[in-house]
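The data block below is target29.txt; it holds compact mmCIF, C-alpha atoms.
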```txt
# COMPACT_ATOMS: atom_id res chain seq x y z
CA MET A 1 4.31 -5.89 8.03
CA LEU A 2 3.61 -2.24 7.28
CA THR A 3 5.99 -2.13 4.34
CA GLU A 4 4.43 -5.29 2.92
CA ALA A 5 0.89 -3.89 3.33
CA THR A 6 1.87 -0.59 1.71
CA VAL A 7 3.50 -2.29 -1.27
CA ARG A 8 0.51 -4.63 -1.63
CA ARG A 9 -1.95 -1.69 -1.68
CA LEU A 10 0.13 0.24 -4.20
CA GLN A 11 0.25 -2.83 -6.41
CA ASP A 12 -3.52 -3.29 -6.01
CA LEU A 13 -3.82 0.24 -7.40
CA ASP A 14 -1.41 -0.61 -10.27
CA VAL A 15 1.16 1.97 -9.18
CA ALA A 16 4.64 1.39 -10.58
CA LEU A 17 7.19 1.13 -7.77
CA ASP A 18 10.87 1.91 -7.47
CA VAL A 19 12.15 0.18 -4.34
CA VAL A 20 15.35 0.93 -2.42
CA CYS A 21 16.19 -0.87 0.79
CA SER A 22 19.25 -0.04 2.83
CA ASP A 23 21.48 -2.86 4.00
CA TYR A 24 20.25 -2.18 7.55
CA GLY A 25 16.66 -2.26 6.30
CA ALA A 26 17.22 -5.67 4.70
CA LEU A 27 18.71 -6.94 7.98
CA MET A 28 15.72 -5.61 9.96
CA TRP A 29 13.32 -7.16 7.42
CA HIS A 30 14.89 -10.56 8.01
CA GLN A 31 14.93 -10.17 11.79
CA GLU A 32 11.32 -9.00 11.98
CA THR A 33 9.74 -11.32 9.41
CA ASP A 34 12.05 -14.37 9.23
CA GLU A 35 12.10 -13.76 5.46
CA ARG A 36 14.99 -12.57 3.35
CA PHE A 37 14.27 -9.18 1.78
CA ALA A 38 15.21 -10.66 -1.60
CA ASP A 39 12.34 -13.13 -1.24
CA ALA A 40 9.88 -10.30 -0.59
CA VAL A 41 11.21 -8.48 -3.65
CA SER A 42 10.72 -11.62 -5.76
CA ARG A 43 7.12 -11.82 -4.60
CA TRP A 44 6.53 -8.15 -5.41
CA THR A 45 8.13 -8.33 -8.85
CA GLU A 46 5.94 -11.34 -9.70
CA ARG A 47 2.90 -9.15 -9.03
CA GLY A 48 4.31 -6.56 -11.46
CA ARG A 49 5.70 -3.07 -12.02
CA VAL A 50 8.48 -3.10 -9.44
CA THR A 51 12.01 -1.90 -10.10
CA VAL A 52 14.54 -2.58 -7.36
CA HIS A 53 17.62 -0.39 -6.93
CA ARG A 54 20.69 -1.12 -4.85
CA PRO A 55 21.32 1.53 -2.17
CA GLN A 56 24.87 2.00 -3.46
CA ASP A 57 23.63 2.89 -6.97
CA VAL A 58 23.56 6.66 -6.52
CA ALA A 59 23.36 7.06 -10.31
CA ALA A 60 20.02 5.21 -10.56
CA PRO A 61 17.28 7.12 -12.41
CA ILE A 62 15.41 7.96 -9.18
CA SER A 63 18.42 10.03 -8.05
CA SER A 64 17.53 12.66 -10.67
CA GLY A 65 14.82 15.29 -10.46
CA SER A 66 14.07 14.69 -14.14
CA TYR A 67 12.88 11.16 -13.34
CA PRO A 68 9.09 11.40 -13.09
CA THR A 69 7.69 10.18 -9.77
CA ARG A 70 4.58 11.03 -7.76
CA GLY A 71 6.67 11.10 -4.62
CA MET A 72 8.28 8.80 -2.11
CA ALA A 73 7.42 6.99 1.09
CA ILE A 74 10.07 5.65 3.46
CA VAL A 75 8.42 2.82 5.37
CA PRO A 76 9.84 2.43 7.97
CA CYS A 77 12.43 5.17 8.30
CA SER A 78 15.30 4.88 10.76
CA MET A 79 16.52 7.92 12.63
CA ALA A 80 19.88 7.51 10.88
CA THR A 81 18.10 7.97 7.54
CA VAL A 82 16.06 10.88 8.93
CA GLY A 83 19.29 12.54 10.07
CA ALA A 84 21.04 11.99 6.75
CA ILE A 85 18.14 13.44 4.77
CA ALA A 86 17.62 16.36 7.17
CA SER A 87 21.29 17.33 6.99
CA GLY A 88 21.47 17.03 3.21
CA ALA A 89 24.51 14.79 3.67
CA GLY A 90 23.03 11.57 2.35
CA GLN A 91 25.42 8.85 1.32
CA ASN A 92 23.24 6.37 -0.55
CA LEU A 93 20.45 6.19 -3.11
CA LEU A 94 17.71 6.21 -0.48
CA HIS A 95 19.00 9.50 0.94
CA ARG A 96 19.56 11.00 -2.52
CA ALA A 97 16.10 10.02 -3.79
CA ALA A 98 14.49 11.58 -0.70
CA ASP A 99 16.56 14.73 -1.16
CA VAL A 100 15.47 14.95 -4.81
CA THR A 101 11.85 14.37 -3.81
CA LEU A 102 11.99 17.36 -1.45
CA LYS A 103 13.93 19.50 -3.95
CA GLU A 104 11.34 18.85 -6.63
CA LYS A 105 8.48 19.64 -4.20
CA ARG A 106 7.07 16.12 -4.51
CA ARG A 107 5.45 14.33 -1.60
CA LEU A 108 7.80 12.64 0.84
CA VAL A 109 6.17 10.53 3.54
CA VAL A 110 8.44 9.51 6.39
CA VAL A 111 7.24 6.75 8.73
CA PRO A 112 9.67 6.83 11.68
CA ARG A 113 10.44 3.50 13.31
CA GLU A 114 12.01 4.43 16.65
CA THR A 115 10.41 5.32 19.96
CA PRO A 116 10.91 7.16 22.18
CA LEU A 117 12.34 10.05 20.20
CA SER A 118 15.28 12.10 21.43
CA LEU A 119 15.48 15.84 20.98
CA ILE A 120 17.90 15.25 18.08
CA HIS A 121 15.34 12.96 16.40
CA LEU A 122 12.57 15.51 16.91
CA ARG A 123 14.68 18.33 15.47
CA ASN A 124 15.59 16.26 12.42
CA LEU A 125 11.93 15.31 11.90
CA ALA A 126 10.96 18.99 12.27
CA THR A 127 13.58 19.91 9.65
CA LEU A 128 12.05 17.41 7.24
CA ALA A 129 8.54 18.69 7.97
CA GLU A 130 9.69 22.27 7.36
CA ALA A 131 11.17 21.11 4.05
CA GLY A 132 7.79 19.68 3.04
CA ALA A 133 7.85 16.07 4.21
CA VAL A 134 4.87 14.44 5.88
CA ILE A 135 5.89 12.80 9.15
CA LEU A 136 3.54 9.88 9.74
CA PRO A 137 4.29 7.92 12.91
CA PRO A 138 2.72 4.47 12.72
CA ASP A 139 0.16 5.19 15.45
CA PRO A 140 -2.84 2.85 15.35
CA ALA A 141 -6.25 4.45 14.90
CA PHE A 142 -8.03 2.59 17.67
CA TYR A 143 -11.18 4.67 17.12
CA LEU A 144 -11.70 2.51 14.01
CA ARG A 145 -12.04 -0.42 16.44
CA PRO A 146 -9.72 -2.78 14.60
CA ASP A 147 -10.32 -6.45 15.28
CA SER A 148 -6.82 -7.67 14.42
CA VAL A 149 -3.22 -6.60 13.99
CA GLU A 150 -3.73 -6.98 10.24
CA ALA A 151 -6.59 -4.45 10.35
CA ILE A 152 -4.33 -1.97 12.19
CA VAL A 153 -1.55 -2.46 9.64
CA ASP A 154 -3.93 -2.12 6.69
CA ALA A 155 -5.39 1.11 8.12
CA LEU A 156 -1.87 2.52 8.55
CA ALA A 157 -1.01 1.56 4.95
CA GLU A 158 -4.12 3.43 3.78
CA ARG A 159 -2.98 6.51 5.73
CA ILE A 160 0.43 6.32 4.06
CA LEU A 161 -1.20 6.17 0.63
CA HIS A 162 -3.45 9.11 1.49
CA ALA A 163 -0.49 11.17 2.74
CA ALA A 164 1.46 10.26 -0.40
CA GLY A 165 -1.33 11.62 -2.59
CA VAL A 166 -2.26 8.25 -4.03
CA THR A 167 -6.00 7.90 -4.46
CA PRO A 168 -6.86 4.58 -2.85
CA ARG A 169 -10.05 2.71 -3.42
CA VAL A 170 -12.56 3.71 -0.79
CA ASP A 171 -13.06 1.09 1.88
CA PRO A 172 -16.20 1.88 3.89
CA ALA A 173 -14.55 0.51 7.04
CA HIS A 174 -11.77 3.09 6.76
CA THR A 175 -13.11 6.59 6.33
CA TRP A 176 -10.79 9.52 6.93
CA THR A 177 -13.43 12.22 7.44
CA HIS A 178 -13.89 11.80 11.22
```

Let me see the structure of the file written as structure tokens.
Amino acid sequence: MLTEATVRRLQDLDVALDVVCSDYGALMWHQETDERFADAVSRWTERGRVTVHRPQDVAAPISSGSYPTRGMAIVPCSMATVGAIASGAGQNLLHRAADVTLKEKRRLVVVPRETPLSLIHLRNLATLAEAGAVILPPDPAFYLRPDSVEAIVDALAERILHAAGVTPRVDPAHTWTH
């Protein structure tokens, strides 16, 4: 749900997207939504400006620092991916693109999916934070008094966009100046 909401908001803002989904991510998408990830991608590409890359394609343009991006958000991010990025030993395009994002001092937003977190997870997340990543756990902002799960998800998507440096349209129900 959060990935879908984030993509939808970015498309509402006419932001071009490069999408990489690990094989595990595609499996989780199907298990959590009853939809094949390929079907979600088809829906997104119909809305426009989406390029999808296979995780095995480590030579894709987004693996190079010379490819112009605003940054990257990993929504959600498994602890296996956190560990691979934190160690610099990434083995797929998702890891490489995140590594390049940090190397080029662009914004990297990591939305961890596991809980509770072990000490190893915390250390890897701290390593990413020290390298410049924003760690954004998907904690609901109940002080906004959401009236539905969709409202919680939409507020989290707005936080991701804010952390990524994307200027979202201002929604009076979601102010971030509290």

Q. Range 103-120 of chain A: which residues within 7 Å, counting all atoms listed in the file, same-chain residues fewer than 6 positions away excluded, as an NGL selection string?
A. :A and (65 or 70-79 or 133-138 or 163-164)

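When the distance limit is 12 Å and only C-alpha atoms are what count, the residues near Ile152 in chain A, minus those fewer than 3 positions from it on the same chain, are A:Met1, A:Leu2, A:Ala5, A:Pro138, A:Asp139, A:Pro140, A:Ala141, A:Phe142, A:Tyr143, A:Leu144, A:Arg145, A:Pro146, A:Asp147, A:Ser148, A:Val149, A:Ala155, A:Leu156, A:Ala157, A:Glu158, A:Arg159, A:Ala173, A:His174.
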
Q) Do you have the CA of Thr69 in chain A-CA of Glu130 in chain A distance handy? A) 21.1 Å

Q.
One number please: CA of Ala80 in chain A to CA of Glu150 in chain A, in Å, one decimal.
A. 27.7 Å

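In terms of minimum interatomic distance to Ala97 in chain A, A:Pro61 ranks closest within A:Gly165, A:Pro61, A:Gly83, A:Gly132, counting all atoms listed in the file.
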
Q.
Would you pick out the contacts of Leu17 in chain A at 10 Å or less, using all atoms listed in the file, so that residues sharing its chain but fewer than 3 positions from it are not included, and give the list as an MDAnalysis selection string?
A. chainID A and resid 7 10:11 14 20 44:45 48:52 69 72

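Of the listed residues A:Met28, A:Arg36, A:Arg96, A:Glu46, the one whose atoms come nearest to Ala60 in chain A is A:Arg96, with distances taken using only C-alpha atoms.
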
Q. Smallest atom-to-atom distance to Ala40 in chain A: which of A:Asn92, A:Thr3, A:Ser87, A:Ser63, using all atoms listed in the file?
A. A:Thr3

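Each of A:Val166, A:Ile160, A:Leu94, A:Val100 was compared to Ser22 in chain A using only C-alpha atoms, and A:Leu94 turns out to be the nearest.
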
**Q.** CA of Leu102 in chain A to CA of Ser42 in chain A, distance in Å rounded to a single decimal
**A.** 29.3 Å

(Q) Show me, as a ChimeraX atom specification, the residues that have an atom within 9 Å of Phe37 in chain A when counting all atoms listed in the file, minus same-chain residues fewer than 6 positions from it. (A) /A:21,25-27,29-30

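Counting all atoms listed in the file, the residue from A:Leu93, A:Ala98, A:Val153, A:Val15 that sits nearest to Ala59 in chain A is A:Leu93.
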
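Using all atoms listed in the file, the shortest contact distance between Asp57 in chain A and any of A:Gln91, A:Asn124, A:Thr33, A:Thr6 is found at A:Gln91.
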
Q) Using all atoms listed in the file, which residues sit within 10 Å of Ala86 in chain A once same-chain residues fewer than 5 positions away are excluded, as a list in words? A) Ala80, Thr81, His95, Ala98, Asp99, Arg123, Asn124, Leu125, Ala126, Thr127, Leu128, Ala129, Glu130 and Ala131 of chain A
